[in-house]
2 protein chains.
Amino acid sequence: MKQQYSLSHRMQGMSGNVVREILKLTQAPDIISFAGGLPSPDSFPVDELRSITAELFAQDVGFLQYGVTEGLPGLREFAARWVGDFNIQAKPENVLVLSGSQQGIDLACKALINPGDVILVEQPTYLAALQIFKTYEANVVAVAGDEAGMLPDALADAIHKYKPRLVYVIPTFQNPSGICWSLERRQALSQAAAEHDFIILEDDPYGRLRYSGAPVPAIAGVDGLRRSIYLGSFSKVIAPGLRVGYAVAPPELLQPMIIGKQGTDVHTSNLSQQIIMRYAQKGGFEQHLPRVRAQYGEKCRLMLEMLEKTFPAGSTWTKPQGGLFLWVTLDEGVSTTALLEQAIAAKVAFIPGTPFSASGGCTNCMRLNFSNASPADIEIGIERIAQVIKQSLA
Amino acid sequence: MKQQYSLSHRMQGMSGNVVREILKLTQAPDIISFAGGLPSPDSFPVDELRSITAELFAQDVGFLQYGVTEGLPGLREFAARWVGDFNIQAKPENVLVLSGSQQGIDLACKALINPGDVILVEQPTYLAALQIFKTYEANVVAVAGDEAGMLPDALADAIHKYKPRLVYVIPTFQNPSGICWSLERRQALSQAAAEHDFIILEDDPYGRLRYSGAPVPAIAGVDGLRRSIYLGSFSKVIAPGLRVGYAVAPPELLQPMIIGKQGTDVHTSNLSQQIIMRYAQKGGFEQHLPRVRAQYGEKCRLMLEMLEKTFPAGSTWTKPQGGLFLWVTLDEGVSTTALLEQAIAAKVAFIPGTPFSASGGCTNCMRLNFSNASPADIEIGIERIAQVIKQSLA
């Protein structure tokens with residue numbers, strides 16, 4: 001790119017989202033892709049959405065006019081009640097409707113982050129979040145973790161050393177790893193936030209998609225919404241193309257996010273909000289979620305079985321109880337970035353580990369999505385990746 | 001508000017959009033409001049939107065899945081062709097679909113503005129833009145103008161003195177003043193941008209709403225899309241509740257805006273995009289715009305007639321050839337902020353001038369919206385404001 005125009009500091013050397021670029025390469029119809037983070041289109045409640053939309057246009061079409069930044073009162077009310085399932089005690093005034101939950105990461109940074117401020121993240125973490133943090137010129141530091149969340153010692157050290165302003169976590173069926181934080185680790189993070197005066201940004205797009213194990217409260221629930229901002233999404237439980245999510249936070253943190261949102265998109269599409277509000281009010285989720293959970297849970301089980309059957313010794317992987325992803329670690333010498341090229345030649349795709357790491361590393365890891373491919377494709381695709389790995393080791 | 005949480009510098013002392021706060025006060029059903037910037041709900045093409053939406057749900061529902069950040073190819077293509085009406089030669093690759101054109105102001109700042117950079121604006125200008133510039137910690141400087149745009153001498157002085165990085169203008173039926181820049185002033189600004197190495201951010205939500213006078217090219221058209229970013233909107237010509245607009249820019253400027261958008265809402269609601277794309281492709285605008293223009297043009301004429309008939313000597317106002325607003329200047333001693341309270345007591349509302357000014361002043365001015373009220377309410381409402389002014393002068 002020519003440097004004819006001088007960009008802001010935050011945009012210098014910034015390239016597009018790596019995953020979205022890889023996704024473009026893998027959209028050929030004969031490639032089996034475990035690369036995206038897409039919900040399965042079979043899971044969309046099309047008939048219900050069709051009839052709700054017809055109803056909407058048959059009644060008062062006030063949704064075509066401008067709305068308020070905070071969101072539809074009925075949708076704020078629903079979200080406030082719904083997060084009670086994760087032990088969050090919220091009122092409608094604690095809720096801001098978002099144009100997808102990712103907007104909440106941007107708005108939280110707008111409200112809280114000055115250049116140079118430290119944000120602690122999991123290792124690995126959601127790569128789009130890393131990119132947003134970069135646009136706010138934050139200093140992002142990865143904290144080591146295991147299958148139960150950030151390691152207490154590593155977290156304590158990082159807090160001591162870096163005095164973070166924000167700790168960003170996806171504690172429930174994490175992207176990319178699929179792990180779920182234990183209650184103890186959630187409590188410890190909330191306590192640390194109170195002691196060391198940082199804010200927890202809890203990103204939870206997958207919490208409703210639990211396939212096994214016992215539910216665990218949200219960190220914002222444990223925290224009593226004192227020093228936490230909780231982000232929820234309707235993308236994975238209805239349909240992402242409508243772009244609706246929500247933030248739940250104490251009013252003093254929500255207010256600057258509302259001001260930030262006024263300045264970007266004024267408010268989220270009223271049509272999208274109305275569709276989701278009515279779907280929720282009719283009890284759509286009670287019908288829909290058990291179906292989605294059964295479908296994705298079965299695909300997850302199948303992928304784990306195929307990994308067990310086909311992947312070479314020395315490979316390990318997480319065993320998610322929910323969500324959309326699992327995380328494979330190969331022999332230390334293997335570069336999954338190099339492997340991807342061969343995989344695409346073999347008509348299968350994944351995302352290599354590196355872009356999910358704030359601190360380098362994860363070069364021998366890959367993220368696999370199990371929600372979007374068909375069971376037959378999961379069987380064939382995992383077999384293909386196993387072949388590619390074996391060839392590279394030979 | 002308690003200072004329990006420490007906010008980012010950009011949010012310190014920031015209050016919500018003044019107009020949106022005033023709007024909340026004026027939503028009582030017995031108040032005649034000229035305060036908002038709302039298109040008239042009678043103008044929404046409800047039947048067409050209903051049948052397009054029904055069609056959409058009867059066909060491939062791919063729009064429920066995630067989409068690409070840049071926007072629907074068909075909508076980018078339409079926008080690229082449509083801006084040709086304003087002499088902009090654009091390709092689909094020059095277009096980024098936005099969640100309302102205001103998002104383009106935010107993304108342009110994200111791409112270009114560092115704290116302390118100077119942005120030149122018209123006096124008065126769009127107040128939400130002022131608020132966005134504040135969140136980027138820009139140094140905003142107002143340039144004096146008349147009914148044909150920024151005054152050449154004042155612009156030259158400001159460029160010399162401040163070396164701006166961005167010049168933000170709404171040259172066609174400006175918000176709040178309703179004025180339209182002459183071709184000469186447009187050319188001069190484009191030339192200055194090339195000479196002094198700044199970018200022009202041209203905000204054009206109202207350009208399609210011309211009621212009289214001859215069309216004039218967009219600044220981005222005059223400029224040949226070299227040093228300009230053009231923002232267009234569907235809010236004022238279909239319906240704002242769908243939240244769709246677009247940016248047109250050289251690829252090197254569009255690319256960082258795309259990266260910025262990836263980090264906020266990933267992409268604009270596919271359902272909203274599909275509805276507008278199909279409406280456009282069916283030739284909806286050719287049918288619809290003449291109706292909207294006739295309706296708003298008549299309301300504008302009526303409001304001007306009522307001002308002439310009722311407002312006290314010493315008041316002056318702009319005579320817009322399009323758009324949604326006109327701008328009244330009262331006797332210098334009058335404070336329109338003080339007047340608003342009495343106006344609301346008299347069941348009529350407007351927006352006082354001060355929030356539209358980056359440099360203080362405009363204390364004796366008011367913005368009046370003529371698109372949203374009925375003709376009968378325009379007659380009664382302007383009469384009421386005239387009474388309130390006369391009482392305050394007595």
# chains A, B, ... in the order shown; residues from 1 in each chain; ligands from 1

$ interface_residues --of "chain B" --to "chain A" --cutoff "7 Å" --atoms "only C-alpha atoms" --output "VMD selection string"
chain B and resid 1 7 to 9 11 16 41 50 54 57 63 to 67 99 to 100 102 to 103 106 111 to 114 128 131 to 132 239 to 243 252 256 259 263 to 265 269 to 271

$ write_last_selection --atoms "N, CA and C atoms" --output "tab-separated table (two decimals), in the first residue's frame"
chain	number	residue	atom	x	y	z
B	1	MET	N	-22.58	11.89	39.35
B	1	MET	CA	-22.04	10.53	39.20
B	1	MET	C	-20.81	10.34	40.09
B	7	LEU	N	-12.30	6.84	34.37
B	7	LEU	CA	-12.54	6.69	32.94
B	7	LEU	C	-11.32	7.13	32.14
B	8	SER	N	-11.34	6.80	30.85
B	8	SER	CA	-10.27	7.23	29.96
B	8	SER	C	-10.29	8.76	29.84
B	9	HIS	N	-9.15	9.33	29.47
B	9	HIS	CA	-9.10	10.79	29.29
B	9	HIS	C	-10.21	11.26	28.39
B	11	MET	N	-13.10	10.30	27.89
B	11	MET	CA	-14.46	10.31	28.40
B	11	MET	C	-14.64	11.22	29.62
B	16	GLY	N	-23.64	13.24	27.66
B	16	GLY	CA	-24.34	12.68	26.50
B	16	GLY	C	-24.67	13.76	25.48
B	41	PRO	N	-42.46	9.97	9.49
B	41	PRO	CA	-42.84	8.56	9.34
B	41	PRO	C	-43.80	8.33	8.16
B	50	ARG	N	-42.27	-4.02	3.45
B	50	ARG	CA	-42.96	-5.23	3.91
B	50	ARG	C	-42.83	-6.34	2.87
B	54	ALA	N	-40.74	-9.91	3.18
B	54	ALA	CA	-41.41	-11.21	3.01
B	54	ALA	C	-40.69	-12.04	1.95
B	57	PHE	N	-37.41	-13.58	3.29
B	57	PHE	CA	-37.55	-14.76	4.15
B	57	PHE	C	-38.10	-15.96	3.39
B	63	PHE	N	-28.62	-14.43	4.66
B	63	PHE	CA	-28.38	-13.17	5.38
B	63	PHE	C	-28.41	-13.36	6.90
B	64	LEU	N	-28.90	-14.50	7.38
B	64	LEU	CA	-28.89	-14.72	8.83
B	64	LEU	C	-27.49	-15.07	9.34
B	65	GLN	N	-26.61	-15.52	8.45
B	65	GLN	CA	-25.25	-15.88	8.83
B	65	GLN	C	-24.36	-14.61	8.85
B	66	TYR	N	-23.16	-14.74	9.40
B	66	TYR	CA	-22.18	-13.65	9.33
B	66	TYR	C	-21.93	-13.23	7.89
B	67	GLY	N	-21.58	-11.98	7.68
B	67	GLY	CA	-21.23	-11.48	6.36
B	67	GLY	C	-19.85	-10.86	6.37
B	99	SER	N	-23.06	1.14	9.46
B	99	SER	CA	-24.27	1.05	10.29
B	99	SER	C	-24.77	2.47	10.57
B	100	GLY	N	-25.20	3.14	9.52
B	100	GLY	CA	-25.55	4.56	9.60
B	100	GLY	C	-24.32	5.38	9.25
B	102	GLN	N	-23.16	8.03	10.37
B	102	GLN	CA	-22.40	8.58	11.50
B	102	GLN	C	-21.23	7.68	11.88
B	103	GLN	N	-21.39	6.39	11.68
B	103	GLN	CA	-20.28	5.47	11.95
B	103	GLN	C	-19.05	5.85	11.13
B	106	ASP	N	-16.84	8.33	12.95
B	106	ASP	CA	-16.04	7.64	13.96
B	106	ASP	C	-14.87	6.88	13.31
B	111	ALA	N	-9.10	6.12	11.83
B	111	ALA	CA	-8.07	5.93	10.81
B	111	ALA	C	-7.05	7.06	10.80
B	112	LEU	N	-7.47	8.26	11.12
B	112	LEU	CA	-6.64	9.43	10.81
B	112	LEU	C	-6.20	10.29	11.99
B	113	ILE	N	-6.96	10.30	13.07
B	113	ILE	CA	-6.75	11.33	14.09
B	113	ILE	C	-5.95	10.84	15.29
B	114	ASN	N	-4.89	11.55	15.60
B	114	ASN	CA	-4.17	11.38	16.86
B	114	ASN	C	-4.58	12.49	17.82
B	128	ALA	N	-23.22	16.04	16.88
B	128	ALA	CA	-22.74	14.68	17.20
B	128	ALA	C	-21.32	14.50	16.68
B	131	GLN	N	-18.96	15.82	19.15
B	131	GLN	CA	-18.79	14.90	20.25
B	131	GLN	C	-17.83	13.76	19.90
B	132	ILE	N	-17.95	13.25	18.68
B	132	ILE	CA	-17.04	12.19	18.24
B	132	ILE	C	-15.60	12.72	18.23
B	239	ALA	N	-35.44	4.81	5.70
B	239	ALA	CA	-35.88	4.78	7.09
B	239	ALA	C	-34.66	4.64	7.99
B	240	PRO	N	-34.53	5.50	9.00
B	240	PRO	CA	-33.33	5.49	9.84
B	240	PRO	C	-33.22	4.28	10.75
B	241	GLY	N	-34.37	3.67	11.10
B	241	GLY	CA	-34.36	2.57	12.05
B	241	GLY	C	-33.60	1.35	11.56
B	242	LEU	N	-33.33	1.28	10.24
B	242	LEU	CA	-32.57	0.15	9.70
B	242	LEU	C	-31.07	0.33	9.87
B	243	ARG	N	-30.63	1.58	10.07
B	243	ARG	CA	-29.21	1.90	10.34
B	243	ARG	C	-28.29	1.44	9.21
B	252	GLU	N	-6.80	3.41	-0.06
B	252	GLU	CA	-5.82	3.56	1.03
B	252	GLU	C	-6.46	4.21	2.27
B	256	PRO	N	-8.10	1.28	6.29
B	256	PRO	CA	-8.08	1.38	7.76
B	256	PRO	C	-9.48	1.56	8.36
B	259	ILE	N	-10.76	-1.96	8.69
B	259	ILE	CA	-10.15	-2.61	9.87
B	259	ILE	C	-10.82	-2.10	11.15
B	263	GLY	N	-13.38	-4.27	13.98
B	263	GLY	CA	-13.22	-4.26	15.44
B	263	GLY	C	-14.43	-3.75	16.20
B	264	THR	N	-15.40	-3.17	15.52
B	264	THR	CA	-16.56	-2.68	16.29
B	264	THR	C	-17.76	-3.59	16.08
B	265	ASP	N	-18.41	-3.52	14.92
B	265	ASP	CA	-19.62	-4.34	14.76
B	265	ASP	C	-19.46	-5.47	13.74
B	269	SER	N	-25.89	-5.07	9.94
B	269	SER	CA	-26.97	-6.07	9.87
B	269	SER	C	-27.24	-6.48	8.43
B	270	ASN	N	-27.09	-7.77	8.15
B	270	ASN	CA	-27.34	-8.27	6.79
B	270	ASN	C	-28.79	-8.10	6.38
B	271	LEU	N	-29.70	-8.20	7.34
B	271	LEU	CA	-31.11	-8.05	7.00
B	271	LEU	C	-31.37	-6.62	6.54

$ atom_distance --atom1 "atom CA of Gln273 of chain B" --atom2 "atom CA of Ile229 of chain B"
20.9 Å

$ residues_around --residues "segment 349-353 of chain A" --least-positions-apart "2" --cutoff "10 Å" --atoms "only C-alpha atoms" --output "VMD selection string"
chain A and resid 18 to 19 22 to 23 25 to 27 31 to 36 124 to 125 127 176 to 177 327 to 329 335 to 347 355 to 357 360 to 369 381 to 382 384 to 385

$ write_last_selection --atoms "N, CA and C atoms" --output "compact mmCIF listing (two decimals), in the first residue's frame"
# COMPACT_ATOMS: atom_id res chain seq x y z
N VAL A 18 -6.70 -11.51 10.74
CA VAL A 18 -6.10 -12.65 10.05
C VAL A 18 -7.12 -13.73 9.75
N VAL A 19 -7.98 -13.98 10.73
CA VAL A 19 -8.96 -15.05 10.53
C VAL A 19 -9.89 -14.72 9.38
N ILE A 22 -8.11 -15.47 6.27
CA ILE A 22 -8.04 -16.92 6.02
C ILE A 22 -9.41 -17.43 5.56
N LEU A 23 -10.47 -16.89 6.19
CA LEU A 23 -11.81 -17.36 5.82
C LEU A 23 -12.09 -17.14 4.34
N LEU A 25 -9.99 -17.32 1.96
CA LEU A 25 -9.29 -18.38 1.22
C LEU A 25 -10.02 -19.72 1.29
N THR A 26 -10.80 -19.89 2.34
CA THR A 26 -11.35 -21.23 2.58
C THR A 26 -12.82 -21.33 2.18
N GLN A 27 -13.29 -20.32 1.40
CA GLN A 27 -14.72 -20.37 1.07
C GLN A 27 -15.01 -21.17 -0.19
N ILE A 31 -13.80 -27.12 0.04
CA ILE A 31 -12.95 -27.15 1.24
C ILE A 31 -13.81 -27.39 2.47
N ILE A 32 -13.42 -28.35 3.29
CA ILE A 32 -14.09 -28.56 4.57
C ILE A 32 -13.44 -27.61 5.56
N SER A 33 -14.20 -26.65 6.07
CA SER A 33 -13.58 -25.62 6.91
C SER A 33 -13.97 -25.75 8.37
N PHE A 34 -12.94 -25.89 9.20
CA PHE A 34 -13.13 -25.78 10.65
C PHE A 34 -12.55 -24.44 11.11
N ALA A 35 -12.39 -23.51 10.16
CA ALA A 35 -11.69 -22.26 10.43
C ALA A 35 -12.61 -21.21 11.05
N GLY A 36 -13.80 -21.06 10.55
CA GLY A 36 -14.69 -19.99 11.00
C GLY A 36 -15.16 -20.18 12.42
N PRO A 124 -4.21 -18.79 25.07
CA PRO A 124 -4.54 -17.87 23.98
C PRO A 124 -5.84 -17.09 24.28
N THR A 125 -6.15 -16.10 23.40
CA THR A 125 -7.39 -15.33 23.57
C THR A 125 -8.01 -15.00 22.20
N LEU A 127 -8.81 -13.32 18.98
CA LEU A 127 -7.88 -12.46 18.25
C LEU A 127 -8.47 -11.13 17.83
N PRO A 176 -10.10 -19.13 21.77
CA PRO A 176 -10.21 -20.31 20.93
C PRO A 176 -10.20 -21.66 21.66
N SER A 177 -9.99 -21.71 22.97
CA SER A 177 -9.61 -23.00 23.56
C SER A 177 -10.78 -23.89 23.95
N TRP A 327 -9.18 -26.80 20.90
CA TRP A 327 -7.83 -26.28 20.71
C TRP A 327 -6.86 -27.46 20.75
N VAL A 328 -6.12 -27.63 19.67
CA VAL A 328 -5.21 -28.77 19.55
C VAL A 328 -3.77 -28.28 19.68
N THR A 329 -2.98 -29.00 20.46
CA THR A 329 -1.55 -28.70 20.57
C THR A 329 -0.77 -29.88 19.98
N SER A 335 4.91 -26.41 12.90
CA SER A 335 4.34 -25.07 12.72
C SER A 335 2.98 -25.21 12.05
N THR A 336 1.93 -24.82 12.77
CA THR A 336 0.59 -24.95 12.19
C THR A 336 0.36 -23.93 11.08
N THR A 337 1.12 -22.84 11.09
CA THR A 337 1.00 -21.87 10.00
C THR A 337 1.48 -22.51 8.69
N ALA A 338 2.63 -23.23 8.77
CA ALA A 338 3.12 -23.94 7.59
C ALA A 338 2.15 -25.04 7.18
N LEU A 339 1.61 -25.71 8.20
CA LEU A 339 0.68 -26.82 7.96
C LEU A 339 -0.58 -26.37 7.22
N LEU A 340 -1.01 -25.14 7.48
CA LEU A 340 -2.27 -24.68 6.90
C LEU A 340 -2.24 -24.72 5.38
N GLU A 341 -1.09 -24.35 4.82
CA GLU A 341 -0.98 -24.36 3.36
C GLU A 341 -1.23 -25.76 2.81
N GLN A 342 -0.59 -26.75 3.43
CA GLN A 342 -0.78 -28.14 2.98
C GLN A 342 -2.21 -28.59 3.23
N ALA A 343 -2.78 -28.13 4.34
CA ALA A 343 -4.16 -28.51 4.64
C ALA A 343 -5.10 -27.99 3.57
N ILE A 344 -4.90 -26.73 3.17
CA ILE A 344 -5.78 -26.15 2.16
C ILE A 344 -5.62 -26.92 0.84
N ALA A 345 -4.39 -27.33 0.53
CA ALA A 345 -4.18 -28.18 -0.66
C ALA A 345 -4.94 -29.49 -0.53
N ALA A 346 -5.05 -29.99 0.72
CA ALA A 346 -5.79 -31.23 0.96
C ALA A 346 -7.27 -30.95 1.22
N LYS A 347 -7.70 -29.72 0.95
CA LYS A 347 -9.13 -29.35 1.02
C LYS A 347 -9.71 -29.41 2.43
N PRO A 355 -2.08 -16.24 15.81
CA PRO A 355 -2.83 -14.98 15.95
C PRO A 355 -3.64 -14.87 17.24
N PHE A 356 -3.82 -15.96 17.96
CA PHE A 356 -4.57 -15.91 19.21
C PHE A 356 -3.68 -15.57 20.41
N SER A 357 -2.39 -15.39 20.15
CA SER A 357 -1.47 -15.18 21.26
C SER A 357 -0.99 -13.74 21.30
N GLY A 360 3.34 -14.02 21.45
CA GLY A 360 4.06 -15.01 20.66
C GLY A 360 3.70 -16.39 21.16
N GLY A 361 4.28 -17.40 20.55
CA GLY A 361 3.96 -18.77 20.97
C GLY A 361 2.71 -19.28 20.28
N CYS A 362 2.26 -20.44 20.75
CA CYS A 362 1.10 -21.13 20.14
C CYS A 362 1.38 -21.51 18.69
N THR A 363 2.67 -21.58 18.31
CA THR A 363 3.02 -21.88 16.91
C THR A 363 2.64 -23.31 16.53
N ASN A 364 2.54 -24.20 17.52
CA ASN A 364 2.20 -25.59 17.24
C ASN A 364 0.73 -25.91 17.58
N CYS A 365 -0.10 -24.83 17.68
CA CYS A 365 -1.50 -25.04 18.06
C CYS A 365 -2.44 -24.72 16.91
N MET A 366 -3.66 -25.22 16.99
CA MET A 366 -4.68 -24.85 16.01
C MET A 366 -6.04 -24.79 16.68
N ARG A 367 -6.90 -23.91 16.13
CA ARG A 367 -8.28 -23.85 16.60
C ARG A 367 -9.17 -24.60 15.62
N LEU A 368 -10.02 -25.46 16.15
CA LEU A 368 -10.97 -26.17 15.30
C LEU A 368 -12.40 -25.80 15.71
N ASN A 369 -13.20 -25.42 14.75
CA ASN A 369 -14.62 -25.15 15.00
C ASN A 369 -15.42 -26.41 14.67
N GLY A 381 -12.90 -34.42 7.34
CA GLY A 381 -11.98 -33.28 7.52
C GLY A 381 -10.90 -33.57 8.55
N ILE A 382 -11.29 -34.16 9.68
CA ILE A 382 -10.30 -34.44 10.74
C ILE A 382 -9.28 -35.48 10.22
N ARG A 384 -8.38 -35.80 7.16
CA ARG A 384 -7.47 -35.08 6.24
C ARG A 384 -6.39 -34.32 7.01
N ILE A 385 -6.78 -33.63 8.08
CA ILE A 385 -5.77 -32.88 8.85
C ILE A 385 -4.75 -33.86 9.44

$ select_by_dssp --residues "segment 39-226 of chain A" --states "strand (DSSP E or B)" --output "VMD selection string"
chain A and resid 95 to 98 118 to 122 139 to 143 145 to 146 149 to 150 166 to 169 172 180 199 to 204 210

$ atom_distance --atom1 "atom CA of Ile219 of chain B" --atom2 "atom CA of Glu202 of chain B"
7.0 Å

$ atom_distance --atom1 "atom CA of His160 of chain B" --atom2 "atom CA of Ile200 of chain B"
16.2 Å

$ residues_around --residues "Pro250 of chain B" --least-positions-apart "4" --cutoff "7 Å" --atoms "only C-alpha atoms" --output "short mmCIF file (atom, residue, chain, number, x, y, z; two decimals) with C-alpha atoms, in the first residue's frame"
data_model
loop_
_atom_site.label_atom_id
_atom_site.label_comp_id
_atom_site.auth_asym_id
_atom_site.auth_seq_id
_atom_site.Cartn_x
_atom_site.Cartn_y
_atom_site.Cartn_z
CA ASN B 94 -14.37 2.34 -2.96
CA LEU B 225 -11.80 11.03 -4.59
CA ARG B 226 -8.17 11.95 -4.07
CA LEU B 254 -11.03 2.96 3.12
#

$ closest_residue --among "A:Thr316, A:Ala193, A:Asp60, A:Phe311" --to "Gln391 of chain A" --atoms "only C-alpha atoms"
A:Phe311

$ residues_around --residues "Cys180 of chain A" --least-positions-apart "3" --cutoff "7 Å" --atoms "only C-alpha atoms" --output "JSON, numbers by chain"
{"A": [147, 148, 149, 171, 172, 173, 174]}

$ closest_residue --among "A:Pro164, A:Leu96, A:Glu298, A:Trp317" --to "Leu231 of chain A" --atoms "only C-alpha atoms"
A:Leu96

$ residues_around --residues "Val97 of chain A" --least-positions-apart "4" --cutoff "7 Å" --atoms "only C-alpha atoms" --output "NGL selection string"
:A and (70-71 or 76 or 245-247)

$ write_last_selection --atoms "N, CA and C atoms" --output "JSON list (two decimals), in the first residue's frame"
[["chain", "number", "residue", "atom", "x", "y", "z"],
["A", 70, "GLU", "N", -29.76, 3.43, 24.05],
["A", 70, "GLU", "CA", -29.70, 2.35, 25.04],
["A", 70, "GLU", "C", -30.30, 1.05, 24.52],
["A", 71, "GLY", "N", -31.25, 1.16, 23.58],
["A", 71, "GLY", "CA", -31.89, -0.04, 23.05],
["A", 71, "GLY", "C", -33.36, -0.10, 23.41],
["A", 76, "ARG", "N", -33.99, -4.66, 26.70],
["A", 76, "ARG", "CA", -33.14, -4.44, 27.88],
["A", 76, "ARG", "C", -33.69, -5.22, 29.07],
["A", 245, "GLY", "N", -26.21, -7.82, 20.31],
["A", 245, "GLY", "CA", -25.66, -8.31, 21.56],
["A", 245, "GLY", "C", -26.03, -7.32, 22.66],
["A", 246, "TYR", "N", -25.42, -7.47, 23.83],
["A", 246, "TYR", "CA", -25.73, -6.54, 24.92],
["A", 246, "TYR", "C", -24.60, -6.51, 25.93],
["A", 247, "ALA", "N", -24.47, -5.35, 26.57],
["A", 247, "ALA", "CA", -23.54, -5.20, 27.69],
["A", 247, "ALA", "C", -24.35, -5.04, 28.95]]

$ closest_residue --among "A:Asp204, A:Asp157, A:Asp223, A:Glu55" --to "Ser190 of chain A" --atoms "only C-alpha atoms"
A:Asp223

$ residues_around --residues "Met150 of chain A" --least-positions-apart "2" --cutoff "9 Å" --atoms "only C-alpha atoms" --output "NGL selection string"
:A and (121-123 or 143-148 or 152-155 or 181 or 185 or 189)

$ write_last_selection --atoms "C-alpha atoms" --output "JSON list (two decimals), in the first residue's frame"
[["chain", "number", "residue", "atom", "x", "y", "z"],
["A", 121, "VAL", "CA", -5.66, -11.41, 28.58],
["A", 122, "GLU", "CA", -5.75, -15.19, 28.54],
["A", 123, "GLN", "CA", -3.16, -17.16, 26.61],
["A", 143, "VAL", "CA", -1.36, -14.53, 31.47],
["A", 144, "ALA", "CA", -0.69, -18.29, 31.46],
["A", 145, "GLY", "CA", -3.60, -20.57, 32.22],
["A", 146, "ASP", "CA", -4.80, -24.15, 32.28],
["A", 147, "GLU", "CA", -8.16, -25.83, 31.73],
["A", 148, "ALA", "CA", -9.64, -24.01, 34.73],
["A", 152, "PRO", "CA", -3.48, -17.83, 40.24],
["A", 153, "ASP", "CA", 0.27, -17.26, 40.57],
["A", 154, "ALA", "CA", 0.69, -16.00, 37.03],
["A", 155, "LEU", "CA", -2.27, -13.65, 37.52],
["A", 181, "TRP", "CA", -13.07, -21.31, 34.25],
["A", 185, "ARG", "CA", -10.78, -18.90, 39.65],
["A", 189, "LEU", "CA", -10.41, -12.72, 39.72]]

$ closest_residue --among "B:Arg278, B:His288, B:Lys319, B:Lys163" --to "Arg301 of chain B" --atoms "only C-alpha atoms"
B:Lys319
